file data34.csv (CSV, C-alpha atoms and all ligand atoms)
chain,number,residue,atom,x,y,z
A,5,MET,CA,-91.7,150.7,357.3
A,6,THR,CA,-95.4,150.6,358.1
A,7,ALA,CA,-96.7,151.6,361.5
A,8,GLU,CA,-97.7,148.0,361.9
A,9,THR,CA,-94.2,146.6,361.7
A,10,ASN,CA,-92.9,149.4,363.8
A,11,THR,CA,-94.8,148.2,366.8
A,12,ARG,CA,-92.8,146.5,369.5
A,13,THR,CA,-93.9,145.4,373.0
A,14,ILE,CA,-92.4,146.2,376.3
A,15,GLU,CA,-93.1,145.0,379.9
A,16,ILE,CA,-93.9,147.6,382.5
A,17,ASP,CA,-93.9,147.0,386.2
A,18,VAL,CA,-96.2,149.4,387.9
A,19,LEU,CA,-96.5,149.9,391.7
A,20,ARG,CA,-100.1,149.4,392.7
A,21,TYR,CA,-101.7,150.6,395.9
A,22,ASP,CA,-105.3,150.3,396.7
A,23,PRO,CA,-106.4,152.5,399.7
A,24,ASP,CA,-109.7,150.5,400.0
A,25,SER,CA,-107.9,147.2,400.8
A,26,GLY,CA,-105.1,149.0,402.6
A,27,ALA,CA,-102.7,146.1,401.7
A,28,PRO,CA,-99.1,147.2,401.1
A,29,PRO,CA,-98.2,148.2,397.6
A,30,ARG,CA,-97.1,145.6,395.1
A,31,TYR,CA,-95.9,145.5,391.5
A,32,GLN,CA,-98.1,144.5,388.6
A,33,THR,CA,-96.7,143.7,385.2
A,34,TYR,CA,-98.3,144.8,382.0
A,35,THR,CA,-97.2,144.1,378.4
A,36,VAL,CA,-97.7,147.2,376.3
A,37,PRO,CA,-97.3,147.7,372.5
A,38,PHE,CA,-95.4,150.8,371.6
A,39,GLN,CA,-94.0,152.7,368.6
A,40,HIS,CA,-91.1,155.1,368.2
A,41,ASP,CA,-93.0,158.1,369.5
A,42,THR,CA,-94.9,156.4,372.4
A,43,SER,CA,-94.2,158.2,375.7
A,44,VAL,CA,-94.3,156.4,379.0
A,45,LEU,CA,-97.5,158.4,379.7
A,46,VAL,CA,-99.2,157.0,376.6
A,47,GLY,CA,-98.0,153.6,377.7
A,48,LEU,CA,-99.9,154.1,381.0
A,49,GLN,CA,-102.9,155.3,379.1
A,50,TYR,CA,-102.8,152.2,377.0
A,51,ILE,CA,-102.9,150.1,380.1
A,52,LYS,CA,-105.8,152.1,381.5
A,53,ASP,CA,-107.8,152.0,378.2
A,54,HIS,CA,-107.1,148.4,377.1
A,55,LEU,CA,-105.7,146.3,380.0
A,56,ASP,CA,-106.7,147.5,383.4
A,57,GLY,CA,-109.2,150.4,384.0
A,58,THR,CA,-108.4,150.5,387.7
A,59,LEU,CA,-104.9,151.9,387.2
A,60,THR,CA,-104.7,155.5,388.6
A,61,PHE,CA,-102.2,158.1,387.5
A,62,ARG,CA,-102.2,161.9,386.9
A,63,TRP,CA,-101.7,163.8,383.7
A,64,SER,CA,-103.1,166.7,381.8
A,65,CYS,CA,-101.1,168.6,379.2
A,66,ARG,CA,-99.0,165.7,377.9
A,67,MET,CA,-96.4,168.3,376.8
A,68,ALA,CA,-94.2,168.9,379.8
A,69,ILE,CA,-95.9,172.0,381.0
A,70,CYS,CA,-98.7,171.2,383.5
A,71,GLY,CA,-96.4,169.2,385.9
A,72,SER,CA,-98.9,166.5,386.8
A,73,CYS,CA,-97.4,163.4,385.3
A,74,GLY,CA,-94.2,163.0,387.4
A,75,THR,CA,-93.3,159.4,388.3
A,76,MET,CA,-90.2,157.4,389.2
A,77,ILE,CA,-89.1,155.7,386.0
A,78,ASN,CA,-86.5,153.0,386.8
A,79,GLY,CA,-85.9,154.9,390.0
A,80,ILE,CA,-85.4,158.3,388.4
A,81,PRO,CA,-87.9,161.1,388.9
A,82,GLN,CA,-89.2,162.1,385.4
A,83,LEU,CA,-92.2,163.5,383.6
A,84,SER,CA,-93.8,160.4,382.1
A,85,CYS,CA,-95.0,162.5,379.1
A,86,HIS,CA,-91.4,163.6,378.5
A,87,THR,CA,-89.9,160.1,378.5
A,88,PHE,CA,-90.1,157.5,375.8
A,89,LEU,CA,-90.6,153.7,376.0
A,90,ARG,CA,-88.1,153.2,373.1
A,91,ASP,CA,-85.3,154.3,375.4
A,92,TYR,CA,-86.0,151.4,377.8
A,93,TRP,CA,-86.7,148.6,375.3
A,94,PRO,CA,-85.9,145.7,375.2
A,95,LYS,CA,-85.5,145.8,379.0
A,96,LYS,CA,-88.4,146.0,381.4
A,97,LEU,CA,-89.5,149.3,382.8
A,98,ARG,CA,-90.4,150.0,386.4
A,99,ILE,CA,-92.8,152.8,387.4
A,100,ASP,CA,-93.3,154.0,390.9
A,101,PRO,CA,-95.1,157.0,392.3
A,102,LEU,CA,-92.9,160.0,393.1
A,103,GLU,CA,-90.5,159.1,395.9
A,104,HIS,CA,-91.0,160.7,399.4
A,105,PHE,CA,-94.7,161.5,399.0
A,106,PRO,CA,-97.5,159.5,400.5
A,107,ILE,CA,-99.4,157.4,398.0
A,108,ILE,CA,-103.1,158.1,397.6
A,109,LYS,CA,-103.7,155.4,395.0
A,110,ASP,CA,-101.3,153.6,392.6
A,111,LEU,CA,-99.2,156.4,391.0
A,112,ALA,CA,-101.1,159.3,392.4
A,113,ILE,CA,-99.3,161.0,395.3
A,114,ASP,CA,-100.6,163.4,398.0
A,115,GLN,CA,-99.0,166.9,397.3
A,116,THR,CA,-100.6,168.6,400.2
A,117,ASP,CA,-97.3,169.0,402.1
A,118,PHE,CA,-95.8,170.9,399.1
A,119,LEU,CA,-98.9,173.1,398.7
A,120,ASN,CA,-98.6,174.2,402.3
A,121,LYS,CA,-94.9,174.9,401.9
A,122,LEU,CA,-95.5,176.8,398.7
A,123,ASP,CA,-98.1,178.8,400.6
A,124,SER,CA,-95.6,179.5,403.3
A,125,VAL,CA,-93.0,181.2,401.0
A,126,LYS,CA,-95.6,183.9,399.9
A,127,PRO,CA,-95.1,183.2,396.2
A,128,TYR,CA,-96.4,186.5,394.9
A,129,LEU,CA,-95.0,190.0,394.4
A,130,ILE,CA,-94.9,192.1,397.6
A,131,PRO,CA,-94.4,195.6,396.1
A,132,LYS,CA,-93.1,198.6,398.1
A,133,GLN,CA,-96.5,200.3,397.6
A,134,GLU,CA,-99.5,199.2,395.6
A,135,LYS,CA,-100.1,201.6,392.7
A,136,PRO,CA,-103.4,202.1,391.0
A,137,LEU,CA,-103.8,200.4,387.6
A,138,SER,CA,-104.0,203.8,386.0
A,139,GLU,CA,-100.3,204.3,386.7
A,140,GLY,CA,-99.4,201.4,384.5
A,141,ALA,CA,-97.1,198.5,384.8
A,142,TYR,CA,-94.1,198.2,387.2
A,143,LEU,CA,-91.1,198.5,384.8
A,144,GLN,CA,-88.1,196.2,384.8
A,145,THR,CA,-85.0,196.0,382.7
A,146,PRO,CA,-84.0,192.7,380.9
A,147,LYS,CA,-81.0,192.5,383.3
A,148,GLN,CA,-83.3,192.7,386.3
A,149,MET,CA,-85.5,190.0,384.8
A,150,GLU,CA,-82.5,187.7,384.3
A,151,GLN,CA,-82.1,187.7,388.1
A,152,TYR,CA,-85.2,185.5,388.6
A,153,TYR,CA,-86.3,184.3,385.1
A,154,ASN,CA,-85.2,180.7,385.4
A,155,TYR,CA,-86.7,180.3,388.9
A,156,SER,CA,-90.1,181.5,387.5
A,157,GLN,CA,-90.2,178.6,385.1
A,158,CYS,CA,-91.2,176.0,387.8
A,159,ILE,CA,-94.2,173.9,386.9
A,160,ASN,CA,-94.6,172.4,390.4
A,161,CYS,CA,-94.0,168.9,389.1
A,162,LEU,CA,-92.2,167.9,392.4
A,163,LEU,CA,-89.5,165.8,390.6
A,164,CYS,CA,-87.0,167.8,392.7
A,165,TYR,CA,-88.7,166.7,396.0
A,166,ALA,CA,-88.5,163.1,394.8
A,167,ALA,CA,-84.8,163.6,394.0
A,168,CYS,CA,-84.0,165.2,397.4
A,169,PRO,CA,-82.7,162.7,400.0
A,170,GLN,CA,-82.8,165.5,402.6
A,171,TYR,CA,-86.5,165.9,402.1
A,172,GLY,CA,-86.9,162.1,402.3
A,173,LEU,CA,-85.0,162.0,405.6
A,174,THR,CA,-86.5,165.2,407.1
A,175,PRO,CA,-89.9,165.9,405.6
A,176,THR,CA,-90.2,169.2,407.4
A,177,PHE,CA,-87.5,170.6,405.0
A,178,THR,CA,-89.2,173.4,402.9
A,179,GLY,CA,-87.6,171.7,399.9
A,180,PRO,CA,-86.2,172.7,396.5
A,181,ALA,CA,-89.2,174.1,394.5
A,182,ALA,CA,-90.7,176.1,397.3
A,183,LEU,CA,-87.3,177.6,398.2
A,184,ALA,CA,-86.6,178.3,394.5
A,185,LEU,CA,-89.9,180.1,394.3
A,186,LEU,CA,-89.2,182.0,397.4
A,187,HIS,CA,-86.0,183.2,395.8
A,188,ARG,CA,-87.8,183.9,392.5
A,189,TYR,CA,-89.8,186.7,394.3
A,190,ASN,CA,-86.9,187.9,396.5
A,191,ALA,CA,-84.8,188.3,393.4
A,192,ASP,CA,-87.4,190.4,391.6
A,193,SER,CA,-86.6,194.1,391.5
A,194,ARG,CA,-90.3,194.9,392.0
A,195,ASP,CA,-90.5,193.0,395.2
A,196,VAL,CA,-89.6,194.0,398.8
A,197,GLY,CA,-90.7,190.8,400.5
A,198,TRP,CA,-87.4,189.7,402.0
A,199,THR,CA,-88.4,190.3,405.6
A,200,ALA,CA,-91.8,188.7,405.1
A,201,ARG,CA,-90.1,185.5,403.8
A,202,SER,CA,-87.0,185.5,405.9
A,203,ASP,CA,-88.4,183.4,408.7
A,204,VAL,CA,-88.9,180.5,406.3
A,205,LEU,CA,-85.6,181.1,404.4
A,206,ASN,CA,-83.4,181.5,407.5
A,207,SER,CA,-84.9,178.6,409.6
A,208,GLU,CA,-83.4,175.2,410.1
A,209,ASP,CA,-85.9,173.8,407.7
A,210,GLY,CA,-85.2,176.5,405.2
A,211,VAL,CA,-82.0,176.8,403.2
A,212,TRP,CA,-79.9,175.4,406.0
A,213,ARG,CA,-81.4,171.9,405.8
A,214,CYS,CA,-79.9,171.5,402.3
A,215,THR,CA,-76.5,169.7,402.1
A,216,LEU,CA,-76.1,170.5,398.4
A,217,VAL,CA,-76.6,167.0,397.0
A,218,GLY,CA,-77.7,168.9,393.9
A,219,TYR,CA,-79.8,166.1,392.3
A,220,CYS,CA,-82.9,168.4,392.3
A,221,SER,CA,-81.2,170.6,389.7
A,222,GLU,CA,-80.3,167.5,387.6
A,223,VAL,CA,-83.8,166.1,387.4
A,224,CYS,CA,-85.7,169.4,386.9
A,225,PRO,CA,-87.3,169.4,383.5
A,226,LYS,CA,-87.4,173.2,383.3
A,227,ASN,CA,-83.8,174.0,384.3
A,228,VAL,CA,-85.0,175.9,387.3
A,229,ASP,CA,-81.8,175.0,389.2
A,230,PRO,CA,-83.3,174.9,392.7
A,231,ALA,CA,-79.9,174.0,394.2
A,232,HIS,CA,-78.5,177.3,393.0
A,233,ALA,CA,-81.5,179.3,394.4
A,234,ILE,CA,-81.1,177.6,397.8
A,235,ASN,CA,-77.3,177.8,398.1
A,236,GLN,CA,-76.8,181.4,397.1
A,237,ASN,CA,-79.3,182.1,399.8
A,238,LYS,CA,-77.1,180.5,402.4
A,239,VAL,CA,-74.8,183.5,401.8
A,240,ASN,CA,-77.8,185.9,402.0
A,241,SER,CA,-79.0,184.2,405.1
A,242,THR,CA,-75.6,184.6,406.8
A,243,LEU,CA,-75.4,188.3,405.7
A,244,ASP,CA,-78.9,188.8,407.1
A,245,TYR,CA,-77.9,187.2,410.5
A,246,PHE,CA,-75.0,189.6,410.9
A,247,GLY,CA,-77.1,192.6,409.8
A,248,VAL,CA,-75.0,193.2,406.7
A,249,LEU,CA,-78.0,192.7,404.4
A,250,LYS,CA,-79.8,195.6,406.0
A,251,LEU,CA,-76.7,197.8,405.8
A,252,LEU,CA,-76.4,196.9,402.1
A,253,SER,CA,-80.0,197.8,401.4
A,254,THR,CA,-79.7,201.2,403.1
A,255,VAL,CA,-77.0,202.1,400.6
A,256,GLY,CA,-79.0,200.8,397.7
A,257,LEU,CA,-77.2,197.4,397.3
A,258,GLY,CA,-78.7,194.0,398.0
A,259,LYS,CA,-82.4,193.7,399.0
B,16,MET,CA,-96.4,170.7,407.7
B,17,SER,CA,-99.6,172.2,408.9
B,18,GLY,CA,-101.4,174.8,406.8
B,19,ARG,CA,-104.6,175.6,405.0
B,20,PHE,CA,-104.4,172.5,402.8
B,21,LYS,CA,-105.4,169.3,404.5
B,22,PRO,CA,-103.8,165.9,403.5
B,23,ALA,CA,-105.7,163.0,402.0
B,24,VAL,CA,-107.3,160.9,404.6
B,25,LYS,CA,-105.9,157.5,403.7
B,26,THR,CA,-102.4,157.2,402.2
B,27,TYR,CA,-99.5,154.9,402.2
B,28,THR,CA,-96.1,156.2,403.2
B,29,ARG,CA,-93.1,154.3,401.9
B,30,PRO,CA,-90.2,154.0,404.4
B,31,VAL,CA,-86.8,155.7,403.6
B,32,THR,CA,-84.2,152.9,403.8
B,33,GLY,CA,-80.7,153.3,405.1
B,34,THR,CA,-79.4,152.3,401.7
B,35,TRP,CA,-81.0,155.1,399.7
B,36,TRP,CA,-77.6,156.4,398.6
B,37,LYS,CA,-76.7,153.1,396.9
B,38,GLU,CA,-79.6,153.3,394.6
B,39,ASN,CA,-78.4,156.1,392.3
B,40,PRO,CA,-74.8,156.8,391.0
B,41,PHE,CA,-75.4,160.5,391.6
B,42,PHE,CA,-75.9,159.8,395.3
B,43,LEU,CA,-72.7,157.6,395.4
B,44,VAL,CA,-70.7,160.6,394.1
B,45,TYR,CA,-72.4,162.8,396.8
B,46,MET,CA,-71.5,160.2,399.5
B,47,ALA,CA,-67.9,160.1,398.2
B,48,ARG,CA,-67.7,163.9,398.7
B,49,GLU,CA,-69.1,163.6,402.2
B,50,ALA,CA,-67.0,160.5,403.2
B,51,THR,CA,-63.7,162.1,402.0
B,52,ALA,CA,-64.3,164.9,404.5
B,53,LEU,CA,-63.5,162.3,407.2
B,54,PHE,CA,-59.9,162.2,405.8
B,55,VAL,CA,-59.6,165.9,406.2
B,56,PHE,CA,-60.3,165.3,409.9
B,57,ILE,CA,-57.8,162.5,410.0
B,58,TYR,CA,-55.1,164.6,408.5
B,59,ALA,CA,-55.9,167.4,411.0
B,60,LEU,CA,-55.3,164.8,413.7
B,61,VAL,CA,-51.9,164.0,412.2
B,62,LEU,CA,-50.9,167.7,412.3
B,63,LEU,CA,-52.3,168.1,415.8
B,64,SER,CA,-50.3,165.1,417.0
B,65,GLY,CA,-47.2,167.0,415.7
B,66,VAL,CA,-48.1,170.1,417.7
B,67,VAL,CA,-48.8,167.9,420.8
B,68,SER,CA,-45.4,166.1,420.4
B,69,LEU,CA,-43.7,169.5,420.1
B,70,ALA,CA,-45.2,170.6,423.4
B,71,LEU,CA,-44.0,167.4,425.0
B,72,GLY,CA,-40.4,168.2,424.3
B,73,GLN,CA,-37.6,167.6,421.8
B,74,SER,CA,-37.4,163.8,422.0
B,75,ALA,CA,-41.1,163.4,421.4
B,76,TYR,CA,-41.0,165.7,418.5
B,77,GLU,CA,-38.1,163.9,416.9
B,78,ALA,CA,-39.9,160.6,417.4
B,79,TRP,CA,-42.9,162.1,415.6
B,80,GLN,CA,-40.7,163.3,412.7
B,81,ALA,CA,-39.1,159.9,412.5
B,82,LEU,CA,-42.6,158.3,412.4
B,83,LEU,CA,-43.5,160.5,409.4
B,84,THR,CA,-40.5,159.3,407.4
B,85,THR,CA,-41.4,155.6,407.6
B,86,LYS,CA,-42.6,153.8,404.5
B,87,THR,CA,-46.0,153.2,406.0
B,88,SER,CA,-46.4,156.8,406.8
B,89,LEU,CA,-45.4,157.9,403.3
B,90,VAL,CA,-47.9,155.5,401.7
B,91,PHE,CA,-50.5,156.7,404.2
B,92,HIS,CA,-49.8,160.3,403.3
B,93,LEU,CA,-50.0,159.7,399.6
B,94,ILE,CA,-53.4,158.1,400.0
B,95,LEU,CA,-54.5,161.0,402.2
B,96,LEU,CA,-53.2,163.5,399.6
B,97,GLY,CA,-55.3,161.8,396.9
B,98,LEU,CA,-58.4,161.8,399.0
B,99,LEU,CA,-58.0,165.4,400.2
B,100,ALA,CA,-57.3,166.5,396.6
B,101,TYR,CA,-60.6,164.9,395.5
B,102,HIS,CA,-62.4,166.4,398.4
B,103,THR,CA,-61.1,169.8,397.5
B,104,TYR,CA,-62.2,169.3,393.9
B,105,THR,CA,-65.7,168.5,395.1
B,106,TRP,CA,-65.9,171.9,396.8
B,107,PHE,CA,-65.0,173.7,393.6
B,108,LYS,CA,-67.5,171.5,391.8
B,109,VAL,CA,-70.4,172.9,393.8
B,110,MET,CA,-69.1,176.4,393.9
B,111,PRO,CA,-71.2,177.6,390.9
B,112,LYS,CA,-74.3,176.8,393.0
B,113,THR,CA,-73.3,179.2,395.7
B,114,THR,CA,-72.6,182.3,393.6
B,115,PRO,CA,-75.2,185.0,393.0
B,116,GLN,CA,-76.7,185.1,389.5
B,117,ILE,CA,-73.7,186.1,387.4
B,118,ASP,CA,-72.7,185.9,383.8
B,119,ILE,CA,-69.9,183.4,384.2
B,120,ALA,CA,-70.2,179.8,382.9
B,121,PRO,CA,-70.3,177.3,385.8
B,122,GLN,CA,-67.4,175.3,384.2
B,123,THR,CA,-65.3,178.5,384.2
B,124,ILE,CA,-65.8,179.0,387.9
B,125,VAL,CA,-64.9,175.4,388.6
B,126,LYS,CA,-61.8,175.4,386.4
B,127,THR,CA,-60.6,178.8,387.8
B,128,GLY,CA,-60.9,177.6,391.3
B,129,VAL,CA,-59.1,174.3,390.7
B,130,LEU,CA,-56.3,175.9,388.7
B,131,PHE,CA,-55.8,178.7,391.3
B,132,THR,CA,-55.6,176.1,394.2
B,133,ALA,CA,-53.3,173.9,392.2
B,134,GLY,CA,-51.0,176.9,391.4
B,135,LEU,CA,-51.1,178.1,395.0
B,136,SER,CA,-50.2,174.6,396.3
B,137,VAL,CA,-47.2,174.4,393.9
B,138,VAL,CA,-46.0,177.9,395.1
B,139,ILE,CA,-46.4,176.9,398.8
B,140,VAL,CA,-44.5,173.6,398.3
B,141,ALA,CA,-41.7,175.4,396.4
B,142,VAL,CA,-41.4,178.0,399.2
B,143,LEU,CA,-41.4,175.4,401.9
B,144,PHE,CA,-38.8,173.4,400.0
B,145,GLY,CA,-36.6,176.4,399.7
B,146,VAL,CA,-37.0,177.3,403.4
B,147,THR,CA,-36.4,173.9,404.8
B,148,ARG,CA,-33.4,172.9,402.6
A,301,LIG,S1,-88.1,173.2,390.5
A,301,LIG,FE1,-88.1,172.0,388.6
A,301,LIG,S2,-88.3,169.8,389.4
A,301,LIG,FE2,-88.9,171.2,391.1
A,301,LIG,S3,-91.1,171.4,390.9
A,301,LIG,FE3,-90.2,173.1,389.8
A,301,LIG,S4,-90.1,172.4,387.7
A,301,LIG,FE4,-90.4,170.6,388.9
A,302,LIG,S1,-98.8,165.6,381.3
A,302,LIG,FE1,-98.4,167.7,381.8
A,302,LIG,S2,-96.3,167.6,382.3
A,302,LIG,FE2,-96.7,165.6,381.7

call {"tool": "encode", "arguments": {"input": "data34.csv", "output": "structure tokens", "more": "lines below"}}
Ligand code: SF4
Ligand code: FES
result
Amino acid sequence: MTAETNTRTIEIDVLRYDPDSGAPPRYQTYTVPFQHDTSVLVGLQYIKDHLDGTLTFRWSCRMAICGSCGTMINGIPQLSCHTFLRDYWPKKLRIDPLEHFPIIKDLAIDQTDFLNKLDSVKPYLIPKQEKPLSEGAYLQTPKQMEQYYNYSQCINCLLCYAACPQYGLTPTFTGPAALALLHRYNADSRDVGWTARSDVLNSEDGVWRCTLVGYCSEVCPKNVDPAHAINQNKVNSTLDYFGVLKLLSTVGLGK
Amino acid sequence: MSGRFKPAVKTYTRPVTGTWWKENPFFLVYMAREATALFVFIYALVLLSGVVSLALGQSAYEAWQALLTTKTSLVFHLILLGLLAYHTYTWFKVMPKTTPQIDIAPQTIVKTGVLFTAGLSVVIVAVLFGVTR
């Protein structure tokens, strides 16, 4: 088959919001030609390039690594560069900005809330003592790396926040990705930051706000499994409350 | 949340509706888990009423026992059994999310938990049957 005959068309409803007019968001329908390998993101780019230059959306890498192109596709949080139009055809497709976040314009959401939460979990190594570069790297065994590896794969795409009803209902919840990153550093053998991060983790808006819906882990494109990070820390948080964690660390167990 | 990053000045916030859980099958399953917890509470009330009737004296206790053997009560208990079994299963289903980072497949954790509980239940029923015969 030639590329020409391979081309089909699909209707896409996109939620539009214009901050200048301030009018409530409404759907606008576009008819987009596509081929077997056309991603939803390329569909949006087609609209912007050929049909309507005012459509606003975010993207960068177009290969599921930068985390900027997350949208609700038929109500499911997904990376638009990682989702294909062929899987929706011949039906219509609906694209909304990521759920639970304020809309800046069209599909572009305001991630400020997440950035502040990310900041609050101190997402960097807090070593026991800084050593000079001349002493070389902090060593770690593959087993020790396994403890945090999947949590370090987060690309901050925020699909998990859009998937989390608790975040929607209580926006003060620290939320899946920030708590997964909190755990990523706590679980690192080179890190001693438990105490520095415990206020956030132990608080009502920390791990205890989670009711284990578990949808965050379903939608995560990087298999970070934030629900696992959060819920194993309910155990740690309890041990911390009763002082057991401290006892364990004095005998060299736990952290 | 306040912090060093400041939000965009003009944004539109979509309201969260009371029907959010109807919009995704995943949330329906979650709500089924939460809703069946209610029947655990109801069954606790059934047992509690037995304790209360025991405290009230022999005739009250016998009336309670008689109530349990009625057809309606048996059907009610069968329904409760089904709902409670499902609720128990949901707890094992989320168990892998609560363990530390271990080298056991999530499905193995779920299966082991369910089989252990089912086995233990059979043993308890058998013992009770033997004792009360
Ligand atoms: S945990 Fe997964 S879904 Fe959430 S921001 Fe990170 S990569 Fe995205
Ligand atoms: S464009 Fe980078 S993740 Fe989709």

call {"tool": "residues_around", "arguments": {"input": "data34.csv", "residues": "stretch 60-69 of chain B", "least_positions_apart": "2", "cutoff": "12 Å", "atoms": "all atoms listed in the file", "output": "ChimeraX atom specification"}}
result
/B:53-58,71-83,88,91-92,95

call {"tool": "residues_near_ligand", "arguments": {"input": "data34.csv", "ligand": "ligand LIG 302 (chain A)", "cutoff": "7 Å", "atoms": "all atoms listed in the file", "output": "list in words"}}
result
Trp63, Ser64, Cys65, Arg66, Met67, Ala68, Ile69, Cys70, Gly71, Ser72, Cys73, Gly74, Leu83, Ser84, Cys85 and His86 of chain A

call {"tool": "axis_aligned_box", "arguments": {"input": "data34.csv", "around": "ligand LIG 301 (chain A)", "padding_each_side": "5 Å", "output": "JSON"}}
result
{"center_x": -89.6, "center_y": 171.5, "center_z": 389.4, "size_x": 13.0, "size_y": 13.4, "size_z": 13.4}

call {"tool": "residues_around", "arguments": {"input": "data34.csv", "residues": "stretch 162-170 of chain A", "least_positions_apart": "2", "cutoff": "7 Å", "atoms": "only C-alpha atoms", "output": "list in words"}}
result
Gly74, Pro81, Gln82, Leu102, Glu103, His104, Asn160, Gly172, Leu173, Thr174, Gly179, Pro180, Ala181, Cys214, Tyr219, Cys220, Val223 and Cys224 of chain A

call {"tool": "atom_distance", "arguments": {"input": "data34.csv", "atom1": "atom CA of A:Gly79", "atom2": "atom CA of A:Lys52"}}
result
21.8 Å

call {"tool": "residues_around", "arguments": {"input": "data34.csv", "residues": "stretch 125-134 of chain B", "least_positions_apart": "4", "cutoff": "8 Å", "atoms": "only C-alpha atoms", "output": "list in words"}}
result
Tyr104, Phe107, Lys108, Val109, Met110, Pro111, Pro121 and Val138 of chain B

call {"tool": "interface_residues", "arguments": {"input": "data34.csv", "of": "chain B", "to": "chain A", "cutoff": "10 Å", "atoms": "all atoms listed in the file", "output": "ChimeraX atom specification"}}
result
/B:16-33,35-36,38-39,41-42,44-46,48-49,109-118

call {"tool": "residues_near_point", "arguments": {"input": "data34.csv", "point": "(-93.7, 155.5, 371.5)", "cutoff": "10 Å", "atoms": "all atoms listed in the file", "output": "ChimeraX atom specification"}}
result
/A:10-12,37-47,87-91

call {"tool": "closest_residue", "arguments": {"input": "data34.csv", "among": "A:Gly57, A:Pro127, A:Gly247, A:Pro225", "to": "ligand LIG 301 (chain A)", "atoms": "all atoms listed in the file"}}
result
A:Pro225

call {"tool": "atom_distance", "arguments": {"input": "data34.csv", "atom1": "atom CA of A:Arg62", "atom2": "atom CA of A:Asp209"}}
result
29.0 Å

call {"tool": "closest_residue", "arguments": {"input": "data34.csv", "among": "A:Phe61, A:Trp93, A:Tyr128, A:Tyr155", "to": "A:Val36", "atoms": "all atoms listed in the file"}}
result
A:Trp93

call {"tool": "atom_distance", "arguments": {"input": "data34.csv", "atom1": "atom CA of B:Val140", "atom2": "atom CA of B:Lys86"}}
result
20.8 Å

call {"tool": "closest_residue", "arguments": {"input": "data34.csv", "among": "A:Ala112, A:Ile159, A:Lys96, A:Lys126", "to": "ligand LIG 301 (chain A)", "atoms": "only C-alpha atoms and all ligand atoms"}}
result
A:Ile159

call {"tool": "closest_residue", "arguments": {"input": "data34.csv", "among": "A:Ser202, A:Lys147, A:Ser156, A:Thr254", "to": "ligand LIG 301 (chain A)", "atoms": "all atoms listed in the file"}}
result
A:Ser156

call {"tool": "closest_residue", "arguments": {"input": "data34.csv", "among": "A:Ile14, A:Leu111, A:Leu19, A:Leu205", "to": "A:Tyr245", "atoms": "all atoms listed in the file"}}
result
A:Leu205

call {"tool": "closest_residue", "arguments": {"input": "data34.csv", "among": "A:Cys158, A:Val211, A:Leu251, A:Val196", "to": "ligand LIG 301 (chain A)", "atoms": "all atoms listed in the file"}}
result
A:Cys158
